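Source file: work-v2.cif (mmCIF, C-alpha atoms)
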data_final
loop_
_atom_site.label_atom_id
_atom_site.label_comp_id
_atom_site.auth_asym_id
_atom_site.auth_seq_id
_atom_site.Cartn_x
_atom_site.Cartn_y
_atom_site.Cartn_z
CA MET A 1 24.46 -17.33 -12.47
CA GLU A 2 26.21 -15.15 -9.90
CA VAL A 3 23.69 -13.71 -7.41
CA VAL A 4 25.97 -12.07 -4.82
CA ARG A 5 29.63 -11.15 -4.96
CA LEU A 6 31.76 -9.71 -2.15
CA ARG A 7 35.09 -8.35 -3.40
CA LYS A 8 37.88 -7.53 -0.94
CA VAL A 9 35.29 -6.60 1.67
CA SER A 10 36.39 -5.30 5.05
CA LYS A 11 34.13 -4.11 7.84
CA ARG A 12 35.02 -2.07 10.90
CA TYR A 13 33.01 -0.86 13.84
CA GLY A 14 35.11 1.91 15.28
CA ARG A 15 38.62 0.51 15.73
CA ARG A 16 37.42 -3.09 15.71
CA GLU A 17 37.88 -4.94 12.43
CA ILE A 18 35.15 -7.54 11.95
CA LEU A 19 36.01 -8.66 8.40
CA ALA A 20 39.24 -8.39 6.45
CA ASP A 21 39.53 -8.70 2.63
CA VAL A 22 36.65 -11.17 2.25
CA ASP A 23 36.05 -12.53 -1.25
CA LEU A 24 32.85 -14.54 -1.63
CA GLN A 25 30.69 -15.50 -4.59
CA LEU A 26 27.25 -17.09 -4.24
CA ASN A 27 25.55 -18.56 -7.30
CA ALA A 28 21.96 -19.48 -8.09
CA GLY A 29 21.08 -22.95 -6.82
CA GLU A 30 23.74 -23.00 -4.12
CA LEU A 31 23.19 -23.66 -0.40
CA LEU A 32 26.06 -21.94 1.39
CA ALA A 33 26.72 -22.56 5.09
CA LEU A 34 28.82 -20.01 6.97
CA VAL A 35 30.42 -21.53 10.05
CA GLY A 36 32.72 -20.15 12.72
CA ALA A 37 32.89 -19.16 16.36
CA ASN A 38 30.68 -16.49 17.89
CA GLY A 39 31.98 -13.08 16.92
CA SER A 40 33.79 -14.37 13.84
CA GLY A 41 31.77 -12.14 11.49
CA LYS A 42 29.15 -14.57 10.12
CA SER A 43 26.14 -12.33 10.78
CA THR A 44 28.00 -9.35 9.38
CA VAL A 45 28.58 -11.19 6.09
CA LEU A 46 24.84 -11.98 5.88
CA ARG A 47 23.86 -8.35 6.49
CA LEU A 48 26.30 -7.24 3.82
CA MET A 49 24.80 -9.74 1.39
CA VAL A 50 21.29 -8.33 1.73
CA GLY A 51 22.29 -4.67 2.01
CA LEU A 52 21.57 -4.12 5.70
CA ALA A 53 25.21 -3.14 6.23
CA ARG A 54 27.78 -1.42 4.05
CA PRO A 55 31.41 -2.45 3.75
CA SER A 56 34.12 -0.22 5.16
CA ALA A 57 36.19 -1.20 2.12
CA GLY A 58 35.57 -3.31 -0.97
CA SER A 59 32.29 -3.84 -2.79
CA VAL A 60 29.12 -5.94 -2.67
CA GLN A 61 27.22 -6.69 -5.88
CA ARG A 62 23.74 -8.25 -5.95
CA ASN A 63 21.87 -9.62 -8.95
CA ALA A 64 18.51 -10.35 -7.29
CA ASP A 65 15.17 -8.55 -7.43
CA VAL A 66 13.60 -10.51 -4.56
CA VAL A 67 15.78 -10.71 -1.44
CA SER A 68 14.57 -12.37 1.77
CA TYR A 69 16.27 -12.26 5.17
CA VAL A 70 15.65 -14.09 8.45
CA PRO A 71 17.52 -12.46 11.37
CA ASP A 72 18.82 -14.37 14.37
CA VAL A 73 16.25 -12.58 16.58
CA PHE A 74 12.75 -12.06 15.21
CA THR A 75 10.68 -9.38 16.94
CA SER A 76 7.05 -10.45 16.69
CA HIS A 77 4.23 -7.92 16.35
CA ASP A 78 2.09 -7.52 19.48
CA ARG A 79 -1.33 -6.97 17.94
CA LEU A 80 -1.50 -9.18 14.84
CA SER A 81 -2.12 -12.88 14.51
CA ALA A 82 0.45 -14.94 12.62
CA SER A 83 -1.77 -15.15 9.53
CA ALA A 84 -2.64 -11.43 9.59
CA TYR A 85 1.03 -10.50 9.86
CA LEU A 86 1.95 -12.73 6.91
CA ARG A 87 -0.92 -11.42 4.78
CA HIS A 88 0.26 -7.89 5.52
CA MET A 89 3.86 -8.78 4.58
CA GLY A 90 2.64 -10.45 1.40
CA ARG A 91 0.68 -7.37 0.37
CA ILE A 92 3.74 -5.18 0.96
CA ARG A 93 5.64 -7.46 -1.42
CA GLY A 94 3.02 -7.07 -4.12
CA LEU A 95 1.09 -10.31 -3.64
CA SER A 96 -2.69 -10.34 -3.84
CA THR A 97 -4.54 -10.83 -0.55
CA ARG A 98 -5.65 -14.30 -1.64
CA THR A 99 -2.18 -15.38 -2.77
CA ALA A 100 -0.62 -14.05 0.45
CA ARG A 101 -3.25 -15.87 2.53
CA ASP A 102 -2.94 -19.17 0.71
CA ARG A 103 0.85 -19.13 0.68
CA SER A 104 1.11 -18.18 4.37
CA LEU A 105 -1.33 -20.92 5.42
CA GLU A 106 0.60 -23.46 3.33
CA LEU A 107 3.92 -22.51 4.94
CA LEU A 108 2.55 -22.39 8.49
CA ASP A 109 0.94 -25.79 7.95
CA ARG A 110 4.22 -27.30 6.72
CA LEU A 111 6.11 -25.79 9.64
CA ALA A 112 3.37 -26.97 12.07
CA LEU A 113 2.83 -23.67 13.86
CA SER A 114 1.64 -24.51 17.36
CA GLY A 115 -1.86 -23.17 18.05
CA GLY A 116 -2.64 -22.48 14.42
CA ALA A 117 -2.40 -19.51 12.08
CA GLU A 118 -4.77 -17.31 14.10
CA THR A 119 -2.57 -17.43 17.20
CA PRO A 120 -1.67 -13.88 18.32
CA MET A 121 2.00 -13.15 17.69
CA ARG A 122 2.53 -12.01 21.27
CA LYS A 123 1.64 -15.51 22.50
CA LEU A 124 4.14 -17.36 20.29
CA SER A 125 7.12 -19.14 21.78
CA LYS A 126 10.58 -18.38 20.40
CA GLY A 127 10.44 -21.47 18.19
CA ASN A 128 7.00 -20.64 16.81
CA ALA A 129 7.94 -17.01 16.22
CA GLN A 130 10.89 -18.37 14.22
CA LYS A 131 8.45 -20.35 12.08
CA VAL A 132 6.59 -17.13 11.24
CA ALA A 133 9.90 -15.44 10.41
CA LEU A 134 10.73 -18.29 8.03
CA ALA A 135 7.28 -18.12 6.43
CA GLN A 136 7.57 -14.38 5.75
CA ALA A 137 10.90 -14.94 4.02
CA LEU A 138 9.36 -17.52 1.66
CA LEU A 139 6.03 -15.84 0.85
CA ASP A 140 7.34 -14.49 -2.45
CA PRO A 141 9.86 -16.95 -3.97
CA PRO A 142 13.23 -15.25 -3.35
CA GLN A 143 16.19 -15.08 -5.68
CA LEU A 144 18.43 -14.55 -2.66
CA LEU A 145 17.54 -16.09 0.71
CA VAL A 146 19.74 -15.33 3.71
CA LEU A 147 19.13 -16.82 7.17
CA ASP A 148 20.97 -16.25 10.45
CA GLU A 149 20.84 -19.45 12.58
CA PRO A 150 17.38 -20.39 11.23
CA TRP A 151 17.21 -23.72 13.10
CA ALA A 152 17.55 -22.07 16.53
CA GLY A 153 14.57 -22.87 18.75
CA LEU A 154 12.77 -25.08 16.21
CA ASP A 155 11.32 -28.44 17.23
CA ALA A 156 12.62 -31.66 15.67
CA THR A 157 9.89 -31.91 13.04
CA ALA A 158 10.41 -28.33 11.89
CA HIS A 159 14.17 -29.01 11.59
CA SER A 160 13.46 -31.49 8.81
CA THR A 161 10.85 -29.24 7.17
CA LEU A 162 13.22 -26.28 7.11
CA ARG A 163 15.89 -28.38 5.41
CA GLU A 164 13.30 -29.37 2.79
CA LEU A 165 12.20 -25.76 2.25
CA LEU A 166 15.75 -24.50 1.79
CA THR A 167 16.55 -27.31 -0.62
CA GLU A 168 13.37 -26.62 -2.62
CA THR A 169 14.19 -22.89 -2.74
CA ALA A 170 17.67 -23.59 -4.11
CA GLU A 171 16.29 -26.08 -6.63
CA GLN A 172 13.98 -23.32 -7.89
CA GLY A 173 17.06 -21.26 -8.73
CA ALA A 174 17.61 -19.15 -5.63
CA ALA A 175 20.94 -18.59 -3.91
CA VAL A 176 20.69 -19.54 -0.22
CA ALA A 177 23.12 -18.65 2.56
CA PHE A 178 22.77 -19.51 6.24
CA THR A 179 24.75 -19.67 9.47
CA GLU A 180 24.58 -22.71 11.71
CA HIS A 181 26.55 -24.22 14.62
CA SER A 182 25.42 -27.83 14.18
CA ALA A 183 27.86 -29.80 12.03
CA GLU A 184 25.15 -32.38 11.27
CA VAL A 185 22.78 -29.73 9.92
CA VAL A 186 25.54 -28.21 7.80
CA ARG A 187 26.55 -31.57 6.34
CA SER A 188 22.98 -32.58 5.52
CA THR A 189 21.92 -29.24 4.02
CA ALA A 190 24.78 -27.23 2.50
CA THR A 191 26.28 -27.70 -0.94
CA ARG A 192 29.22 -25.47 0.04
CA VAL A 193 30.75 -24.49 3.39
CA CYS A 194 32.90 -21.48 4.25
CA GLU A 195 34.49 -20.79 7.63
CA LEU A 196 35.09 -17.40 9.20
CA ASP A 197 37.97 -17.13 11.65
CA HIS A 198 38.90 -13.73 13.06
CA GLY A 199 37.39 -11.99 10.05
CA LYS A 200 39.11 -14.19 7.44
CA LEU A 201 37.08 -16.42 5.11
CA THR A 202 38.15 -19.92 4.10
CA SER A 203 36.34 -22.36 1.81
CA LEU A 204 36.07 -25.85 3.28
CA ARG A 205 36.01 -29.10 1.38
CA ARG A 206 32.57 -30.61 1.80
CA GLU A 207 32.88 -34.24 2.73
CA THR A 208 29.80 -35.58 4.43
CA ALA A 209 30.03 -38.66 6.63
CA LEU A 210 26.80 -40.63 6.43
CA THR A 211 25.55 -43.85 7.99
CA GLU A 212 23.38 -46.30 6.10
CA LEU A 213 21.05 -48.52 8.13
CA HIS A 214 19.56 -51.62 6.52
CA LEU A 215 16.48 -52.68 8.50
CA ILE A 216 13.70 -55.25 8.48
CA PRO A 217 10.36 -53.61 9.38
CA ALA A 218 7.96 -54.52 12.17
CA ALA A 219 5.66 -51.81 13.61
CA ASP A 220 5.11 -48.71 11.48
CA ILE A 221 7.76 -45.95 11.63
CA ASP A 222 7.38 -42.84 9.49
CA TRP A 223 11.02 -42.57 8.42
CA ASP A 224 10.14 -40.05 5.68
CA HIS A 225 9.34 -37.45 8.35
CA HIS A 226 12.08 -38.36 10.81
CA PRO A 227 14.08 -35.11 11.44
CA ASP A 228 17.50 -36.70 10.82
CA VAL A 229 16.72 -38.99 7.88
CA LEU A 230 18.10 -37.82 4.53
CA GLU A 231 16.86 -40.66 2.34
CA VAL A 232 14.63 -43.75 2.61
CA ARG A 233 14.85 -46.65 0.16
CA ARG A 234 12.41 -49.58 0.26
CA THR A 235 13.43 -52.81 -1.45
CA GLY A 236 11.47 -56.01 -0.99
CA ALA A 237 11.10 -56.75 2.71
CA GLY A 238 13.84 -54.34 3.76
CA VAL A 239 14.21 -50.59 4.35
CA THR A 240 17.46 -48.66 3.97
CA VAL A 241 17.72 -45.39 5.87
CA LEU A 242 20.49 -42.80 5.29
CA LEU A 243 21.42 -40.40 8.09
CA PRO A 244 24.31 -38.11 9.08
CA THR A 245 26.89 -40.00 11.10
CA GLY A 246 26.46 -39.01 14.73
CA ARG A 247 22.68 -38.98 14.43
CA HIS A 248 22.18 -42.65 13.62
CA ASP A 249 22.18 -43.92 17.21
CA ALA A 250 18.78 -42.32 17.89
CA ALA A 251 17.37 -43.88 14.70
CA LEU A 252 18.73 -47.29 15.70
CA LEU A 253 17.08 -46.97 19.11
CA THR A 254 13.78 -46.00 17.46
CA ALA A 255 13.97 -49.04 15.19
CA LEU A 256 14.77 -51.45 18.04
CA ASN A 257 12.05 -50.00 20.28
CA HIS A 258 9.52 -50.71 17.50
CA GLY A 259 10.68 -54.29 17.05
CA TRP A 260 12.63 -53.75 13.82
CA SER A 261 15.62 -55.95 13.01
CA VAL A 262 18.96 -54.40 12.13
CA VAL A 263 20.65 -56.16 9.22
CA SER A 264 23.64 -53.85 8.81
CA VAL A 265 25.10 -50.48 9.81
CA ARG A 266 27.49 -49.07 7.22
CA ARG A 267 29.35 -45.78 7.06
CA VAL A 268 29.42 -44.09 3.64
CA LYS A 269 30.65 -40.76 2.31
CA SER A 270 28.99 -38.18 0.13
CA GLU A 271 30.84 -35.31 -1.49
#

Reformat the file's structure so that it appears as structure tokens.
Amino acid sequence: MEVVRLRKVSKRYGRREILADVDLQLNAGELLALVGANGSGKSTVLRLMVGLARPSAGSVQRNADVVSYVPDVFTSHDRLSASAYLRHMGRIRGLSTRTARDRSLELLDRLALSGGAETPMRKLSKGNAQKVALAQALLDPPQLLVLDEPWAGLDATAHSTLRELLTETAEQGAAVAFTEHSAEVVRSTATRVCELDHGKLTSLRRETALTELHLIPAADIDWDHHPDVLEVRRTGAGVTVLLPTGRHDAALLTALNHGWSVVSVRRVKSE
């Protein structure tokens, strides 16, 4: 099902043209990554998707009742705690106080908010404020979820959790769009990639280079929660770990430092 459609969209700020004749369709269940240099128009496309900006020409159509947005800069509230802020946002969205509380605590626990849910917002670091921003976007399951550089400032554990949350959201039928500079994050998360270059949009062929490590265990390593690991398979005495190519060196070092034996390192591809 089509959730968002941009048709021949152009956007100008004064004499400066940010976007030119952009055509983009985003369907339910998709994870779209928008890539491109700073100033290429990525954030503008996201704001157009959710209705925070209007096109100078062309049209934007949305087929979503619940739309969630995470900006690149999240301004935290001075007086409220993280949990109080999320309960308030949940109530605004029509959730009961109990549902908003339970859902916010679940999300903050998964994202491992430093200091706990009662931490005052004014005391949160940039990374922890980002976790609250992500939680507010997921309180009420969205049909359209749009995120501007959502991994910025997050710790390694939260990187993996965010990827899981976005994947789960798409699997529940939402359309998800995000911007990101890291090629590894894009390859391991997106189902489709589009590039913006001087206001022009191009669809990229998604070909993910992955590395498969076959290992013999020694001391315990929690590969399931390793931030770069995409898949873990256990067969007999061995463990096979799948990671984005370029991130496997750190995993190899972890394995060797824990006394594991490396049987093979093999590069594979995933479309």

### Message
My list of candidates is A:Gly39, A:Ser68, A:His198, A:Leu139. Which is closest to Arg91 in chain A when distances are computed with all atoms listed in the file?
### Response
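Looking at the shortest contact to Arg91 in chain A, the residue is A:Leu139.
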
### Counting only C-alpha atoms, the option among A:Ile92, A:Leu162, A:Val9, A:Leu26 closest to Thr191 in chain A
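The answer is A:Leu26, which sits nearest to Thr191 in chain A.
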
### Closest of A:Val35, A:Leu107, A:Ala174, A:Ala57 to Val4 in chain A - atom-to-atom distances counting only C-alpha atoms
A:Ala174

Please write the residues picked by the PyMOL selection byres ((chain A and resi 83-87) around 12) on this file as a PDB file with C-alpha atoms, in the frame of the given file.
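Done, and the output landed in selection.pdb:
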ATOM      1  CA  SER A  76       7.050 -10.450  16.690  1.00  0.00           C
ATOM      2  CA  HIS A  77       4.230  -7.920  16.350  1.00  0.00           C
ATOM      3  CA  ASP A  78       2.090  -7.520  19.480  1.00  0.00           C
ATOM      4  CA  ARG A  79      -1.330  -6.970  17.940  1.00  0.00           C
ATOM      5  CA  LEU A  80      -1.500  -9.180  14.840  1.00  0.00           C
ATOM      6  CA  SER A  81      -2.120 -12.880  14.510  1.00  0.00           C
ATOM      7  CA  ALA A  82       0.450 -14.940  12.620  1.00  0.00           C
ATOM      8  CA  HIS A  88       0.260  -7.890   5.520  1.00  0.00           C
ATOM      9  CA  MET A  89       3.860  -8.780   4.580  1.00  0.00           C
ATOM     10  CA  GLY A  90       2.640 -10.450   1.400  1.00  0.00           C
ATOM     11  CA  ARG A  91       0.680  -7.370   0.370  1.00  0.00           C
ATOM     12  CA  ILE A  92       3.740  -5.180   0.960  1.00  0.00           C
ATOM     13  CA  ARG A  93       5.640  -7.460  -1.420  1.00  0.00           C
ATOM     14  CA  GLY A  94       3.020  -7.070  -4.120  1.00  0.00           C
ATOM     15  CA  LEU A  95       1.090 -10.310  -3.640  1.00  0.00           C
ATOM     16  CA  SER A  96      -2.690 -10.340  -3.840  1.00  0.00           C
ATOM     17  CA  THR A  97      -4.540 -10.830  -0.550  1.00  0.00           C
ATOM     18  CA  ARG A  98      -5.650 -14.300  -1.640  1.00  0.00           C
ATOM     19  CA  THR A  99      -2.180 -15.380  -2.770  1.00  0.00           C
ATOM     20  CA  ALA A 100      -0.620 -14.050   0.450  1.00  0.00           C
ATOM     21  CA  ARG A 101      -3.250 -15.870   2.530  1.00  0.00           C
ATOM     22  CA  ASP A 102      -2.940 -19.170   0.710  1.00  0.00           C
ATOM     23  CA  ARG A 103       0.850 -19.130   0.680  1.00  0.00           C
ATOM     24  CA  SER A 104       1.110 -18.180   4.370  1.00  0.00           C
ATOM     25  CA  LEU A 105      -1.330 -20.920   5.420  1.00  0.00           C
ATOM     26  CA  GLU A 106       0.600 -23.460   3.330  1.00  0.00           C
ATOM     27  CA  LEU A 107       3.920 -22.510   4.940  1.00  0.00           C
ATOM     28  CA  LEU A 108       2.550 -22.390   8.490  1.00  0.00           C
ATOM     29  CA  ASP A 109       0.940 -25.790   7.950  1.00  0.00           C
ATOM     30  CA  LEU A 113       2.830 -23.670  13.860  1.00  0.00           C
ATOM     31  CA  GLY A 115      -1.860 -23.170  18.050  1.00  0.00           C
ATOM     32  CA  GLY A 116      -2.640 -22.480  14.420  1.00  0.00           C
ATOM     33  CA  ALA A 117      -2.400 -19.510  12.080  1.00  0.00           C
ATOM     34  CA  GLU A 118      -4.770 -17.310  14.100  1.00  0.00           C
ATOM     35  CA  THR A 119      -2.570 -17.430  17.200  1.00  0.00           C
ATOM     36  CA  PRO A 120      -1.670 -13.880  18.320  1.00  0.00           C
ATOM     37  CA  MET A 121       2.000 -13.150  17.690  1.00  0.00           C
ATOM     38  CA  ARG A 122       2.530 -12.010  21.270  1.00  0.00           C
ATOM     39  CA  ALA A 129       7.940 -17.010  16.220  1.00  0.00           C
ATOM     40  CA  LYS A 131       8.450 -20.350  12.080  1.00  0.00           C
ATOM     41  CA  VAL A 132       6.590 -17.130  11.240  1.00  0.00           C
ATOM     42  CA  ALA A 133       9.900 -15.440  10.410  1.00  0.00           C
ATOM     43  CA  LEU A 134      10.730 -18.290   8.030  1.00  0.00           C
ATOM     44  CA  ALA A 135       7.280 -18.120   6.430  1.00  0.00           C
ATOM     45  CA  GLN A 136       7.570 -14.380   5.750  1.00  0.00           C
ATOM     46  CA  ALA A 137      10.900 -14.940   4.020  1.00  0.00           C
ATOM     47  CA  LEU A 138       9.360 -17.520   1.660  1.00  0.00           C
ATOM     48  CA  LEU A 139       6.030 -15.840   0.850  1.00  0.00           C
ATOM     49  CA  ASP A 140       7.340 -14.490  -2.450  1.00  0.00           C
TER      50      ASP A 140
END

### Query
Which distance in Å separates CA of Ser40 in chain A and CA of Ala152 in chain A, to one decimal?
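One can read the CA of Ser40 in chain A to CA of Ala152 in chain A distance as 18.2 Å.
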
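If you measure from each of A:Ser43, A:Ser264, A:Thr254, A:Asn27 to Leu147 in chain A using all atoms listed in the file, the closest one turns out to be A:Ser43.
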
#### Entry: Shortest interatomic distance to Glu17 in chain A - which of A:Pro150, A:Pro217, A:Gly199, A:Pro142, counting all atoms listed in the file
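Among A:Pro150, A:Pro217, A:Gly199, A:Pro142, it is A:Gly199 that comes nearest to Glu17 in chain A.
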
### Query
Near His159 in chain A, within 10 Å and counting all atoms listed in the file, which residues show up once chain neighbours fewer than 4 positions away are dropped, as a list in words?
Leu111, Pro150, Trp151, Ala152, Gly153, Leu154, Asp155, Arg163, Glu164, Val185, His226, Pro227 and Asp228 of chain A

For range 44-61 of chain A, where the input has fewer atoms than it should, I would like N, CA and C atoms rebuilt and written as an mmCIF file, in the coordinates of the input.
data_model
loop_
_atom_site.group_PDB
_atom_site.id
_atom_site.type_symbol
_atom_site.label_atom_id
_atom_site.label_comp_id
_atom_site.auth_asym_id
_atom_site.auth_seq_id
_atom_site.Cartn_x
_atom_site.Cartn_y
_atom_site.Cartn_z
ATOM 1 N N THR A 44 27.620 -10.536 10.139
ATOM 2 C CA THR A 44 28.000 -9.350 9.380
ATOM 3 C C THR A 44 28.031 -9.638 7.887
ATOM 4 N N VAL A 45 28.561 -10.792 7.500
ATOM 5 C CA VAL A 45 28.580 -11.190 6.090
ATOM 6 C C VAL A 45 27.150 -11.279 5.549
ATOM 7 N N LEU A 46 26.237 -11.867 6.331
ATOM 8 C CA LEU A 46 24.840 -11.980 5.880
ATOM 9 C C LEU A 46 24.212 -10.603 5.679
ATOM 10 N N ARG A 47 24.446 -9.701 6.615
ATOM 11 C CA ARG A 47 23.860 -8.350 6.490
ATOM 12 C C ARG A 47 24.432 -7.603 5.298
ATOM 13 N N LEU A 48 25.703 -7.834 5.009
ATOM 14 C CA LEU A 48 26.300 -7.240 3.820
ATOM 15 C C LEU A 48 25.678 -7.803 2.553
ATOM 16 N N MET A 49 25.402 -9.104 2.557
ATOM 17 C CA MET A 49 24.800 -9.740 1.390
ATOM 18 C C MET A 49 23.463 -9.117 1.009
ATOM 19 N N VAL A 50 22.636 -8.818 2.012
ATOM 20 C CA VAL A 50 21.290 -8.330 1.730
ATOM 21 C C VAL A 50 21.194 -6.801 1.737
ATOM 22 N N GLY A 51 22.288 -6.123 2.050
ATOM 23 C CA GLY A 51 22.290 -4.670 2.010
ATOM 24 C C GLY A 51 21.909 -3.985 3.297
ATOM 25 N N LEU A 52 21.868 -4.721 4.404
ATOM 26 C CA LEU A 52 21.570 -4.120 5.700
ATOM 27 C C LEU A 52 22.804 -3.504 6.349
ATOM 28 N N ALA A 53 23.961 -3.756 5.783
ATOM 29 C CA ALA A 53 25.210 -3.140 6.230
ATOM 30 C C ALA A 53 26.034 -2.815 4.996
ATOM 31 N N ARG A 54 26.896 -1.809 5.136
ATOM 32 C CA ARG A 54 27.780 -1.420 4.050
ATOM 33 C C ARG A 54 29.225 -1.739 4.419
ATOM 34 N N PRO A 55 30.004 -2.144 3.445
ATOM 35 C CA PRO A 55 31.410 -2.450 3.750
ATOM 36 C C PRO A 55 32.210 -1.192 4.043
ATOM 37 N N SER A 56 33.202 -1.328 4.915
ATOM 38 C CA SER A 56 34.120 -0.220 5.160
ATOM 39 C C SER A 56 35.089 -0.079 3.995
ATOM 40 N N ALA A 57 35.359 -1.194 3.322
ATOM 41 C CA ALA A 57 36.190 -1.200 2.120
ATOM 42 C C ALA A 57 35.726 -2.359 1.248
ATOM 43 N N GLY A 58 36.001 -2.268 -0.050
ATOM 44 C CA GLY A 58 35.570 -3.310 -0.970
ATOM 45 C C GLY A 58 34.167 -3.041 -1.487
ATOM 46 N N SER A 59 33.605 -4.031 -2.170
ATOM 47 C CA SER A 59 32.290 -3.840 -2.790
ATOM 48 C C SER A 59 31.434 -5.085 -2.657
ATOM 49 N N VAL A 60 30.106 -4.867 -2.682
ATOM 50 C CA VAL A 60 29.120 -5.940 -2.670
ATOM 51 C C VAL A 60 28.205 -5.739 -3.870
ATOM 52 N N GLN A 61 28.088 -6.758 -4.710
ATOM 53 C CA GLN A 61 27.220 -6.690 -5.880
ATOM 54 C C GLN A 61 26.131 -7.754 -5.748
#
